[in-house]
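Text of model-v2.txt (compact mmCIF, C-alpha atoms) as supplied:
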```txt
# COMPACT_ATOMS: atom_id res chain seq x y z
CA MET H 120 15.44 16.06 7.79
CA GLY H 121 11.76 16.99 7.39
CA ILE H 122 9.34 15.78 4.76
CA LYS H 123 9.73 17.55 1.43
CA TYR H 124 6.40 18.65 -0.02
CA ARG H 125 5.82 19.67 -3.65
CA HIS H 126 3.01 21.40 -5.47
CA GLU H 127 1.28 19.51 -8.25
CA TRP H 128 -1.10 20.45 -11.07
CA LYS H 129 -2.79 17.99 -13.39
CA HIS H 130 -4.71 18.81 -16.57
CA GLU H 131 -6.50 16.56 -19.03
CA ILE H 132 -5.48 17.83 -22.46
CA ASN H 133 -6.27 16.94 -26.06
CA ALA H 134 -3.94 16.11 -28.94
CA ALA H 135 -3.76 19.71 -30.17
CA ASP H 136 -2.90 20.93 -26.66
CA CYS H 137 -0.21 18.27 -26.45
CA ILE H 138 1.48 19.40 -29.67
CA ALA H 139 1.44 23.07 -28.65
CA ILE H 140 2.68 22.50 -25.10
CA ARG H 141 5.39 20.11 -26.25
CA GLN H 142 6.72 22.75 -28.64
CA ARG H 143 6.69 25.46 -25.96
CA LEU H 144 8.44 23.24 -23.42
CA ARG H 145 11.16 22.25 -25.88
CA ALA H 146 11.94 25.96 -26.25
CA VAL H 147 12.31 26.76 -22.54
CA ALA H 148 12.99 23.51 -20.64
CA ARG H 149 15.18 20.49 -21.25
CA PRO H 150 14.26 16.82 -21.57
CA ASP H 151 14.91 14.53 -18.64
CA PRO H 152 18.39 13.06 -19.28
CA HIS H 153 17.11 9.60 -18.37
CA ALA H 154 14.56 9.63 -21.18
CA VAL H 155 15.16 7.69 -24.40
CA ASP H 156 14.29 9.75 -27.50
CA GLY H 157 12.53 12.18 -25.18
CA LYS H 158 10.27 9.66 -23.48
CA TYR H 159 10.15 6.51 -21.42
CA LEU H 160 7.72 3.73 -20.66
CA ILE H 161 6.55 3.40 -17.08
CA ARG H 162 5.14 0.27 -15.51
CA SER H 163 3.68 0.43 -12.00
CA LEU H 164 2.03 -2.12 -9.77
CA TYR H 165 -0.39 -0.42 -7.37
CA PHE H 166 -1.42 -1.72 -3.96
CA ASP H 167 -4.68 -1.38 -2.06
CA ASP H 168 -6.37 -2.99 0.90
CA LEU H 169 -9.42 -5.26 1.10
CA ASN H 170 -11.72 -2.23 1.22
CA ASP H 171 -10.04 -0.40 -1.67
CA ARG H 172 -9.14 2.41 0.70
CA ALA H 173 -6.62 4.10 -1.60
CA LEU H 174 -9.10 4.08 -4.47
CA ARG H 175 -12.02 5.35 -2.40
CA GLU H 176 -10.01 8.12 -0.75
CA LYS H 177 -8.84 9.31 -4.16
CA ILE H 178 -12.37 9.35 -5.57
CA ASP H 179 -13.70 11.10 -2.46
CA GLY H 180 -10.92 13.70 -2.49
CA VAL H 181 -9.70 12.96 1.04
CA ASN H 182 -7.15 15.63 2.05
CA MET H 183 -4.68 13.22 3.66
CA ARG H 184 -4.09 9.99 1.79
CA GLU H 185 -1.35 7.64 0.63
CA LYS H 186 -0.76 4.89 -1.89
CA PHE H 187 1.99 2.35 -2.48
CA ARG H 188 3.34 1.21 -5.82
CA ILE H 189 6.31 -0.65 -7.30
CA ARG H 190 7.70 0.91 -10.47
CA TYR H 191 10.30 0.40 -13.18
CA TYR H 192 11.09 1.99 -16.53
CA ASN H 193 11.55 0.84 -20.13
CA GLY H 194 11.34 -2.82 -19.18
CA ASP H 195 14.56 -2.57 -17.14
CA THR H 196 14.05 -4.71 -14.04
CA SER H 197 17.58 -4.02 -12.79
CA ARG H 198 16.26 -0.83 -11.19
CA ILE H 199 12.95 -1.23 -9.38
CA ASN H 200 11.59 1.18 -6.77
CA LEU H 201 8.99 0.79 -4.08
CA GLU H 202 7.27 4.16 -3.69
CA LYS H 203 4.78 5.69 -1.30
CA LYS H 204 3.06 8.82 -2.55
CA CYS H 205 1.29 10.99 0.02
CA LYS H 206 -1.13 13.85 -0.45
CA THR H 207 -1.58 16.35 2.40
CA ASN H 208 -3.89 19.34 1.93
CA GLY H 209 -3.08 19.57 -1.77
CA LEU H 210 0.71 19.13 -1.38
CA CYS H 211 2.52 15.96 -2.45
CA SER H 212 5.44 14.02 -1.01
CA LYS H 213 7.07 10.81 -2.16
CA PHE H 214 9.25 8.22 -0.44
CA SER H 215 11.13 5.47 -2.22
CA ALA H 216 13.29 2.42 -1.61
CA ARG H 217 15.15 0.18 -4.04
CA LEU H 218 14.05 -3.41 -4.59
CA THR H 219 15.78 -6.23 -6.40
CA LYS H 220 13.85 -8.14 -9.03
CA GLU H 221 13.72 -11.11 -6.68
CA GLU H 222 12.36 -8.99 -3.82
CA ALA H 223 9.69 -7.46 -6.03
CA GLN H 224 8.60 -10.88 -7.21
CA ALA H 225 8.49 -12.14 -3.61
CA ILE H 226 6.15 -9.28 -2.67
CA VAL H 227 3.89 -10.08 -5.63
CA ASP H 228 3.85 -13.75 -4.60
CA GLY H 229 2.97 -12.92 -0.99
CA ARG H 230 6.33 -14.07 0.40
CA ILE H 231 6.85 -11.07 2.66
CA GLU H 232 8.42 -12.19 5.96
CA TRP H 233 11.87 -11.05 4.80
CA MET H 234 10.56 -7.48 4.65
CA ARG H 235 10.23 -7.21 8.44
CA ASP H 236 14.00 -7.20 9.07
CA CYS H 237 15.32 -5.86 5.77
CA GLY H 238 16.50 -2.55 7.27
CA ARG H 239 14.65 -0.33 4.76
CA PRO H 240 11.96 1.68 6.60
CA LEU H 241 9.61 2.01 3.64
CA VAL H 242 9.75 -1.71 2.87
CA GLN H 243 9.13 -2.44 6.54
CA GLU H 244 6.18 -0.03 6.59
CA LEU H 245 4.61 -1.80 3.62
CA TYR H 246 5.16 -5.13 5.38
CA VAL H 247 3.28 -3.94 8.47
CA LYS H 248 0.39 -2.66 6.35
CA MET H 249 0.25 -5.84 4.29
CA ARG H 250 0.05 -7.85 7.50
CA ASN H 251 -2.31 -5.60 9.46
CA ARG H 252 -4.49 -4.00 6.80
CA GLY H 253 -4.48 -6.61 4.08
CA ILE H 254 -2.76 -4.36 1.54
CA LYS H 255 -1.82 -6.33 -1.57
CA PRO H 256 -1.01 -5.79 -5.25
CA LYS H 257 -4.11 -4.76 -7.22
CA THR H 258 -3.37 -3.81 -10.80
CA ILE H 259 -0.72 -2.96 -13.36
CA VAL H 260 -0.68 0.56 -14.81
CA ASP H 261 1.38 1.24 -17.96
CA TYR H 262 1.87 4.52 -19.79
CA THR H 263 4.26 6.58 -21.89
CA ARG H 264 5.77 9.72 -20.37
CA GLU H 265 7.51 12.72 -21.97
CA PRO H 266 9.39 14.53 -19.18
CA PHE H 267 10.81 18.06 -19.11
CA ILE H 268 12.81 19.71 -16.32
CA PHE H 269 13.54 23.33 -15.41
CA GLY H 270 16.10 24.22 -12.72
CA PRO H 271 14.60 27.26 -10.96
CA GLY H 272 11.81 26.04 -8.70
CA ASN H 273 12.90 22.44 -9.31
CA VAL H 274 10.12 22.15 -11.89
CA ARG H 275 9.18 18.91 -13.59
CA VAL H 276 6.59 18.85 -16.36
CA THR H 277 5.38 15.58 -17.85
CA ILE H 278 3.01 14.58 -20.63
CA ASP H 279 1.52 11.13 -20.06
CA TYR H 280 -0.49 9.12 -22.57
CA ASN H 281 -1.24 5.61 -23.83
CA ILE H 282 -2.46 4.64 -20.37
CA ARG H 283 -3.09 0.90 -20.16
CA THR H 284 -4.30 -1.45 -17.47
CA GLY H 285 -3.36 -4.99 -16.65
CA LEU H 286 -6.90 -5.52 -15.35
CA ASN H 287 -6.44 -7.46 -12.12
CA ARG H 288 -3.15 -9.01 -13.20
CA THR H 289 -0.12 -8.53 -10.98
CA ASP H 290 2.65 -10.27 -12.99
CA PHE H 291 4.18 -6.89 -13.70
CA LEU H 292 7.74 -8.16 -14.10
CA ASP H 293 6.62 -9.90 -17.28
CA TRP H 294 7.01 -7.03 -19.77
CA ASP H 295 4.96 -9.01 -22.30
CA CYS H 296 1.91 -9.50 -20.09
CA VAL H 297 -1.29 -8.39 -21.78
CA THR H 298 -2.58 -4.87 -21.03
CA ILE H 299 -5.48 -2.99 -22.58
CA PRO H 300 -6.27 0.74 -23.01
CA ALA H 301 -7.75 2.25 -19.83
CA GLY H 302 -10.85 3.86 -21.30
CA ASP H 303 -10.62 6.87 -23.61
CA SER H 304 -7.29 8.06 -25.00
CA VAL H 305 -6.63 10.54 -22.21
CA ILE H 306 -3.51 12.74 -22.22
CA ILE H 307 -2.40 14.09 -18.84
CA LEU H 308 -0.22 17.14 -18.31
CA GLU H 309 1.42 17.20 -14.87
CA VAL H 310 3.38 20.13 -13.43
CA LYS H 311 5.32 19.71 -10.17
CA TRP H 312 7.42 22.30 -8.36
CA ASP H 313 8.85 23.25 -4.97
CA GLU H 314 8.45 26.78 -3.56
CA PHE H 315 7.58 28.65 -6.77
CA LEU H 316 6.55 28.06 -10.38
CA PRO H 317 8.52 30.34 -12.75
CA ASP H 318 6.43 32.49 -15.10
CA ILE H 319 8.22 31.08 -18.14
CA ILE H 320 6.92 27.59 -17.29
CA ARG H 321 3.52 28.88 -16.20
CA ASP H 322 3.17 30.50 -19.64
CA ALA H 323 4.42 27.41 -21.46
CA VAL H 324 1.76 25.16 -19.91
CA ASP H 325 -1.01 27.75 -19.91
CA LEU H 326 -4.36 26.39 -21.04
CA GLN H 327 -6.96 29.12 -21.24
CA GLY H 328 -10.19 28.22 -19.52
CA ARG H 329 -8.99 24.81 -18.32
CA ARG H 330 -9.29 23.76 -14.70
CA VAL H 331 -6.91 21.63 -12.68
CA THR H 332 -8.17 18.04 -12.57
CA ALA H 333 -7.78 15.24 -10.05
CA PHE H 334 -7.23 12.55 -12.69
CA SER H 335 -5.77 9.33 -11.30
CA LYS H 336 -4.20 6.70 -13.55
CA TYR H 337 -4.72 4.13 -10.81
CA ALA H 338 -8.42 4.96 -10.51
CA ALA H 339 -8.83 4.92 -14.29
CA CYS H 340 -7.28 1.45 -14.45
CA ARG H 341 -9.32 0.11 -11.51
CA ILE H 342 -12.56 0.65 -13.46
CA TYR H 343 -11.85 -2.78 -14.93
CA GLY H 344 -11.40 -4.64 -11.66
```
Once more with this new file: its structure as structure tokens, please.
Amino acid sequence: MGIKYRHEWKHEINAADCIAIRQRLRAVARPDPHAVDGKYLIRSLYFDDLNDRALREKIDGVNMREKFRIRYYNGDTSRINLEKKCKTNGLCSKFSARLTKEEAQAIVDGRIEWMRDCGRPLVQELYVKMRNRGIKPKTIVDYTREPFIFGPGNVRVTIDYNIRTGLNRTDFLDWDCVTIPAGDSVIILEVKWDEFLPDIIRDAVDLQGRRVTAFSKYAACRIYG
């Protein structure tokens, strides 16, 4: 099976935009069934190498780039995913593998030899890159997400806000670890779809005169270390 690529738009929006778009989306799309009261809290731990390659490639707008992260939702460490997100000529793809809480903690602690023979290709790929390129955990990124889904086109629209950084802390399994706001109170609208974006969604997220942005939560949080 080949790699599945998706289109992605990102917009920085203000509070008034957020209210209007939320109302439009509620009329035409449906909330993600995994959300709690229409939203969930996301915690990610991002990785980078000794030269901050992932950060620099994002800032420089490199056409082919990748980044690794470990992620869980709403403080529930019973379901943790290792993810690799790739960008290729403006299209996105994502690969994931499940981790136990103990495995995630081992990676954070630098106890990684078990990864080599674990039988999960993505975990093994991260192991090789941790050994050969010095990739390691860099920073915690927290935020709140309101997700909406629309069947035709496999569309997913999200509104992300309250972005916080753990500075250079990596104890991301501790839900009570201290995080601080990552700069200004930015709100990010993301729209992802497969082959086509239906007009009804295009109209719902329309922002006259606004341009697509390359905002990165990871980059915003790395300003602090």
Which neighbours of region 161-177 of chain H fall inside 7 Å, counting only C-alpha atoms, when residues of the same chain fewer than 4 positions from it are skipped, and could you give them as JSON, numbers by chain? {"H": [181, 184, 185, 186, 187, 188, 189, 190, 191, 192, 193, 252, 253, 254, 255, 256, 257, 258, 259, 260, 261, 262, 263, 289, 291, 338]}
Name the closest residue to Val274 (chain H) among the candidates H:Leu144, H:Leu160, H:Leu316, H:Met183; distances are taken between atoms, counting only C-alpha atoms. H:Leu316
Report the centre and edge lengths, in Å to one decimal, of an axis-aligned box enclosing every atom of region 176-191 of chain H listed in the file, padded by 6 Å on each side, as JSON.
```
{"center_x": -1.7, "center_y": 7.5, "center_z": -4.8, "size_x": 36.0, "size_y": 28.3, "size_z": 28.8}
```
Find the spatial neighbours of region 128-139 of chain H, counting all atoms listed in the file, within a cut-off of 6 Å - ignore same-chain residues fewer than 2 positions away - and output them as a VMD selection string. chain H and resid 141 to 142 306 to 310 331 to 332
Excluding Pro271 (chain H) and any residue of its chain fewer than 6 positions from it, enumerate the residues within 10 Å of it, using only C-alpha atoms, and give them as an mmCIF file with C-alpha atoms, keeping the file's coordinate frame.
```cif
data_model
loop_
_atom_site.group_PDB
_atom_site.id
_atom_site.type_symbol
_atom_site.label_atom_id
_atom_site.label_comp_id
_atom_site.auth_asym_id
_atom_site.auth_seq_id
_atom_site.Cartn_x
_atom_site.Cartn_y
_atom_site.Cartn_z
ATOM 1 C CA TRP H 312 7.420 22.300 -8.360
ATOM 2 C CA ASP H 313 8.850 23.250 -4.970
ATOM 3 C CA GLU H 314 8.450 26.780 -3.560
ATOM 4 C CA PHE H 315 7.580 28.650 -6.770
ATOM 5 C CA LEU H 316 6.550 28.060 -10.380
ATOM 6 C CA PRO H 317 8.520 30.340 -12.750
ATOM 7 C CA ILE H 320 6.920 27.590 -17.290
#
```
For a test of reading the model, state the distance in Å between CA of Asn208 (chain H) and CA of Ala333 (chain H), rounded to one decimal.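 Interatomic distance here is 13.2 Å.
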Produce a table with one row for each residue of region 166-228 of chain H that has an atom at most 10 Å from any atom of region 123-126 of chain H, each row naming the nearest atom pair and its distance in Å at one decimal; use only C-alpha atoms; arrange rows by chain and rising residue number; format as JSON lines.
```
{"residue": "H:Cys205", "atom": "CA", "partner": "H:Tyr124", "partner_atom": "CA", "distance": 9.2}
{"residue": "H:Lys206", "atom": "CA", "partner": "H:Tyr124", "partner_atom": "CA", "distance": 8.9}
{"residue": "H:Thr207", "atom": "CA", "partner": "H:Tyr124", "partner_atom": "CA", "distance": 8.7}
{"residue": "H:Gly209", "atom": "CA", "partner": "H:His126", "partner_atom": "CA", "distance": 7.4}
{"residue": "H:Leu210", "atom": "CA", "partner": "H:His126", "partner_atom": "CA", "distance": 5.2}
{"residue": "H:Cys211", "atom": "CA", "partner": "H:Arg125", "partner_atom": "CA", "distance": 5.1}
{"residue": "H:Ser212", "atom": "CA", "partner": "H:Tyr124", "partner_atom": "CA", "distance": 4.8}
{"residue": "H:Lys213", "atom": "CA", "partner": "H:Lys123", "partner_atom": "CA", "distance": 8.1}
{"residue": "H:Phe214", "atom": "CA", "partner": "H:Lys123", "partner_atom": "CA", "distance": 9.5}
```
How far is it from CA of Asn281 (chain H) to CA of Phe269 (chain H), in Å with one decimal? 24.6 Å
From the list H:Arg217, H:Lys311, H:Arg250, H:Arg143, the nearest residue to Gly272 (chain H) using only C-alpha atoms is H:Lys311
Please work out which residues fall within 10 Å of (6.8, -8.7, 6.4), coordinates as given in the file, with all atoms listed in the file counting, and return them as number ranges by chain. H: 226, 229-237, 242-250
Please, could you write that set of residues out with C-alpha atoms as a compact mmCIF listing (two decimals), in the coordinates of the input?
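Ended up saving to result.txt:
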```
# COMPACT_ATOMS: atom_id res chain seq x y z
CA ILE H 226 6.15 -9.28 -2.67
CA GLY H 229 2.97 -12.92 -0.99
CA ARG H 230 6.33 -14.07 0.40
CA ILE H 231 6.85 -11.07 2.66
CA GLU H 232 8.42 -12.19 5.96
CA TRP H 233 11.87 -11.05 4.80
CA MET H 234 10.56 -7.48 4.65
CA ARG H 235 10.23 -7.21 8.44
CA ASP H 236 14.00 -7.20 9.07
CA CYS H 237 15.32 -5.86 5.77
CA VAL H 242 9.75 -1.71 2.87
CA GLN H 243 9.13 -2.44 6.54
CA GLU H 244 6.18 -0.03 6.59
CA LEU H 245 4.61 -1.80 3.62
CA TYR H 246 5.16 -5.13 5.38
CA VAL H 247 3.28 -3.94 8.47
CA LYS H 248 0.39 -2.66 6.35
CA MET H 249 0.25 -5.84 4.29
CA ARG H 250 0.05 -7.85 7.50
```
Mind giving me the straight-line distance from CA of Ala225 (chain H) to CA of Tyr159 (chain H) in Å, one decimal? 25.8 Å
